[in-house]
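Asks: Below is the structure I would like to discuss, written out as structure tokens.
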Amino acid sequence: MGKTETERVLKANDREFNVQFKYANNYIRTSKYTLITFFPRNLFEQFMRIANTYFLVLLILQLLPVISSLSYITTALPLIFVLAVTAIKDGVDDIKRHRSDNQVNNRKSDILVDGELMSTKWQHVQVGDIIRMENNEFIAADIMLLSSSEPHSLVYVETAELDGETNLKVRQAIPETAVMGEDIEKLKQFNADVRCEAPNNKLDKFEGTLTWAEEKFPVSNDQILLRGCRLRNTKWCYGITIFSGRDTKLMQNSGKSKFKRTSIDRLMNKLVISIFFFQFVLCAIVAIACSIWESNYGDEYQIYLPWDFKNPAIIATLVFFSYFILFNTLVPISLYVSVELIRLFQSFWINWDRQMYYDVNDTPAKARSTTLNEELGQIQYVFSDKTGTLTQNMMTFNKCTIGGRKFGEVKNDDGDILDITEDTPLVDFSANKDYEPSFKFYDQTLLDAIEKGDRNCWLFFRLLALCHTVMPERNEDGFLEYQAQSPDEGALVGAARNFGFVFKSRTPTTITIDVQGAEDQYELLHILDFNNVRKRMSVVVRQGHRIKLFCKGADTVIMERLCESSGHLKESTNVHLNEFANEGLRTLCLAMKDITEDYYLEWRKRFKEAATSLDDREGKLDEVYEEIEQDLVLLGATAVEDKLQDGVPETIENLHKADIKLWVLTGDKQETAINIGYSCRLLTEDFNEVFVLDANTEEEAKESVVNALHKIRETVGIKGKDELEGVDEDEVSVQSKDFDDVKDVYSFALIVTGACLAYALDPTVEEIFLEAACYCKTVICCRVTPLQKAQVVDLVKRHKKAVTLAIGDGANDVSMIKAAHIGIGISGQEGMQAVLSSDFSFAQFRFLERLLLVHGRWSYYRLCKFMAYFFYKNFAFTLMHFWFAFFCGFSAMSVYDEWFITVYNIFFTSMPVLSMGIFDKDVSEKMCIRFPELYKPGQENKFFNYYVFGSSLFQGAVTSIVIFFIPYGAFAEDIYPDGLSAQAQTLFGCMLATILIFVVNFKIALDTSTWNVFSHILTWGSILFYWLFIFLVYCDPLYPIFNAAFTYVGSATMMSHLPTFWFALILVITILILPVAGKRSILSDITPTLTDKVRILEREEKKKQKKQAVELKGIRRPGAVRPGSIRRDSHRRGSKRPASARSGYAFAHQHGFGDMILSGVNMRIKKDKENGKNGSPAESNNKRNGGRKGSNERNADTRLKSSVSSGGVDIKV
């Protein structure tokens, strides 16, 4: 019924009534398999992969003796191994899910059955049951609160399992049900009807109506406790089950995330299809050749190649399938397992990276997905939230404007504004017993105005103490603490507290504050809560006979709702707001309104009607809220500071150097976003132009976008497609063809507001907007909604086909994170929803630099080298069957031992390539950060593409030709020392296999950039293991034991006794390996890549460090005593003359660093080249700056890049 249900109807304490609707029970299941379904379902899922199905078809073909020249073991063993490993992994994961499900389903709760409380497992709870929960218990289902142990039937819940937020939320039963308390008799007789919305995934919204005793009562989200929440600070509570099991909002939000695949995955699938086609062509060639051969010579070789068929066409068809089986190793099944294993280890490197660990809140980096690592090395666009991502999201109350007067600045006696430093005296709040010692404010005039009774200031801070949803509590020491849903709200209530307007407590109907030591209580009539559309919140309170509305919100929504009397104050406040925004401060406007009793009573009727409506309740409530929030009186505005996180400017600068474009998508106002942009170096004075698009109408928006694009083209000299029509190719300038040629010369930025963005994302304008934005180095979208964030990401994905990354820390960033190729969650102050939806997570924005430039680049580099080598070694291995076909009558006879074919990709060649895919790195992590330009090849897919794949195919083909024909020619007339012929097929196959193992392992040794213990053991160990294998398996004693399973018996021994074999081995290795090594060496000298130059620089710096270390061994520390210089004076034995510090310093430094520094020896790599500074001083500066490069090192890097761009080999630092 879940799919068609439009409305839920239920009756309390009536299971017979509720069962007719067949609502879901409370049993949840996140596991995929049962004991019965595991094998069939898991195998079905695995064979949904085209590669597994392909090998299953091969296995079936190999079971047909008429076409198979290989034992089915050669395919069955690897296939079973892969299926078993995957099944074990899936089974272990599912066992964990079963255990988690059982743990949850078997939790106990008390439900009311036949008038008695009974302890029942969660899985047996049904819709309509009345359930009792106690403190610290998890909520069993989505329930509507009826009563609780707390005054006014309040309950406190922790929603960490739902949204990751640990601050407590408050819920309250309606007064009509709260009177039942824990009276079992009353609860037993409770027979209310509930009519509410159908199950959905909206955590913050609920609409329903409770009908009881012929009266209707509205039910909202304030009365709902969701499954997964935990009861806190509440002794007990009762509720009625509304949604259970899979219908709960927790389970409705547990749907599968969009499956993300990397560009390497998509390319690999295309390549596998092309390999299938190549395999088909090879099979067709040998089948046609077989048909010709059988027609001409088949009858002469019937004694060796007997066929039951005489028709050459039939024989050729059978041979086609036989070779299809023989060539199956062109696409080895172990490829997919190896790729997943490499990705798993790359995830471990991220998880174990200490430099991405944030010790302040004990948060390590975490790879939540193990399938996207290499995509981190190809990012072209980064979409970032601002608050909590670029900034700390730890708000401090800095300034305010009250009644047209600005506070928060420190001035001298002449009225000049002074800079605030550590020596600036703080305002003393110690007279307030509830002040916070951590609160800092520097302007004494504000506290003086409050102490003098300034009416505007009192109203201003009274509003801050009343208009909020903060929950107060006392800690173990009795200190008052606040639980706020946002840092902004906590900062504002905290500011009011320190200035003497202390929020003390709240109930559902009252708010108690302490005003300058005197308790003040208000009746809380309504809370008109904040949301992203309203952008404001209000409270309606009564004190005595006076009713007031206090409102705070964004300046754009407050200013348009002010009364005429606030006109002059509005102008001065706007001036102050602009000043605050220019300083990068977050602002809120405060306003109030007096309400008459008659008007309030009329408005309350309309409010109740809207609140009980089941048809567009939210829209009707917004209309009622809008009605009362008019003709407000402006009080002032607040300005809180959200400081940048450490390392943000340097990180953004390095990302820009890596040609990664950063777009900031924020809900902040335009001025604040721009100033944060300058603070974090997204915007600089070097930009050619900064375009601001803030139109409020569709035509103006389109016009501004077109004008911006035209201005960029005009500045750069790029012509649009319409301008190029009818123009000769020769007449088009180079600049008019490609922006990439001039993007390093011109820099643009684009600032766009949410209102203008809404029109810019229209299908008729979006491509024009995107083109203009992509010409810009920086794009900042302000005042945007969560939906618009996702739309911007999707726009770039659809039209640019670029790899995107989204990073944020709040629930409003989830849609953007899910829309991007890579989603990163920041563990910040806004809960864990972003982290729970992300692919990777860490605690600080600066770690993005290391994640992309180090881990991302290494992951992409390693996997690409792995793929290229893997295809190479398998082409070299498989194509020898093709050459052998021309010497065996196209009979599909294998040139190798079938056991060698079986274990070639499992044991003999898999470990070295896995080692390379897991450990290899072309440059160190320090150089990856220091030279972010190293990241660019990943964006351009240079390490693995169709050309690289074709090159691997070509090299594999050449390798197979050399390995096959040189031994063939060498052994054509060879004989053993005893005179017997050495022309045995088993001996020849053993020789080819041995030479192949040497060549492919030597090739990977040549391709390995960094050697470690594992590389040596696995590379040379693979060759050693092969020798042990052939001498053990092909020995005489094993032949009868295994019933002649190993048919190459004696081949290894005979081969090793032939000098021709050793000659052929050395000759083949020389022909195949030496030219490759020589070519690489020559190219690195003639046309070195940036990677080559950085590797040279790195080696030179290591040599310089070793040389300096050797020189420093002969330098004594200050005050050190020269050996043998102690004079033993027998007359003054027992007494010592104090050494002169000055003379000791002079002697100790006589041959120290002075000459070295003055000569500049330690500041350059090559003394005979132009002056430049070595990395050594920069390294010490780097350490002082917490790992950041100093200006000297950055200038040195600039000179290196200049040298790189000119194509020179010499690298200067």
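For the structure tokens, the naming scheme is as follows: chains receive sequential letters (A, B, ...) according to their order of presentation, residues are indexed from 1 within each chain, and ligands are indexed from 1 in presentation order.
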Got a sec: who's within 12 Å of Asp668 (chain A), counting only C-alpha atoms, leaving out chain neighbours fewer than 3 positions off, as JSON, numbers by chain?

Replies: {"A": [385, 386, 387, 532, 535, 554, 555, 556, 581, 584, 585, 586, 587, 588, 642, 664, 665, 671, 672, 673, 674, 675, 676, 677, 752, 753, 754, 780, 781, 782, 783, 784, 785]}

Asks: Could you pull out the residues in region 273-513 of chain A that DSSP calls helix (DSSP H, G or I) from the backbone, as a VMD selection string?

Replies: chain A and resid 273 to 301 312 to 330 334 to 351 354 to 356 373 to 378 444 to 451 455 to 466 487 to 498

Asks: Which parts of region 442-583 of chain A does DSSP call strand (DSSP E) when run on the backbone here, written out as JSON, numbers by chain?

Replies: {"A": [471, 472, 473, 474, 480, 481, 482, 483, 501, 502, 503, 504, 505, 506, 510, 511, 512, 513, 514, 515, 518, 519, 520, 521, 522, 523, 524, 525, 526, 527, 528, 536, 537, 538, 539, 540, 541, 542, 543, 546, 547, 548, 549, 550, 551, 552, 553]}

Asks: Tell me which of A:Leu226, A:Val814, A:Ile315, A:Ala1109 sits closest to Ile67 (chain A), counting only C-alpha atoms.

Replies: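 Looking at the shortest contact to Ile67 (chain A), the residue is A:Ile315.
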
Asks: Would you pick out the contacts of Asp359 (chain A) at 12 Å or less, using only C-alpha atoms, so that residues sharing its chain but fewer than 5 positions from it are not included, and give the list as a PDB file with N, CA, C and O atoms, in the first residue's frame?

Replies:
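Done, and the output landed in out07.pdb:
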ATOM      1  N   ARG A 354      48.114  11.015   8.508  1.00  0.00           N
ATOM      2  CA  ARG A 354      48.154  11.813   9.732  1.00  0.00           C
ATOM      3  C   ARG A 354      48.076  13.314   9.436  1.00  0.00           C
ATOM      4  O   ARG A 354      47.631  14.090  10.284  1.00  0.00           O
ATOM      5  N   PRO A 364      39.704  12.176  11.875  1.00  0.00           N
ATOM      6  CA  PRO A 364      40.590  11.817  10.761  1.00  0.00           C
ATOM      7  C   PRO A 364      39.863  11.957   9.427  1.00  0.00           C
ATOM      8  O   PRO A 364      38.628  12.051   9.385  1.00  0.00           O
ATOM      9  N   ALA A 365      40.621  11.981   8.365  1.00  0.00           N
ATOM     10  CA  ALA A 365      40.013  11.919   7.034  1.00  0.00           C
ATOM     11  C   ALA A 365      39.471  10.514   6.808  1.00  0.00           C
ATOM     12  O   ALA A 365      40.008   9.541   7.344  1.00  0.00           O
ATOM     13  N   PHE A 842      36.463  15.030   5.879  1.00  0.00           N
ATOM     14  CA  PHE A 842      37.540  15.451   6.780  1.00  0.00           C
ATOM     15  C   PHE A 842      37.063  16.689   7.510  1.00  0.00           C
ATOM     16  O   PHE A 842      35.910  17.118   7.343  1.00  0.00           O
ATOM     17  N   ALA A 843      37.933  17.285   8.317  1.00  0.00           N
ATOM     18  CA  ALA A 843      37.480  18.327   9.236  1.00  0.00           C
ATOM     19  C   ALA A 843      37.787  19.741   8.773  1.00  0.00           C
ATOM     20  O   ALA A 843      37.163  20.680   9.254  1.00  0.00           O
ATOM     21  N   GLN A 844      38.753  19.938   7.874  1.00  0.00           N
ATOM     22  CA  GLN A 844      39.158  21.280   7.488  1.00  0.00           C
ATOM     23  C   GLN A 844      39.282  21.390   5.971  1.00  0.00           C
ATOM     24  O   GLN A 844      39.741  20.459   5.302  1.00  0.00           O
TER      25      GLN A 844
END
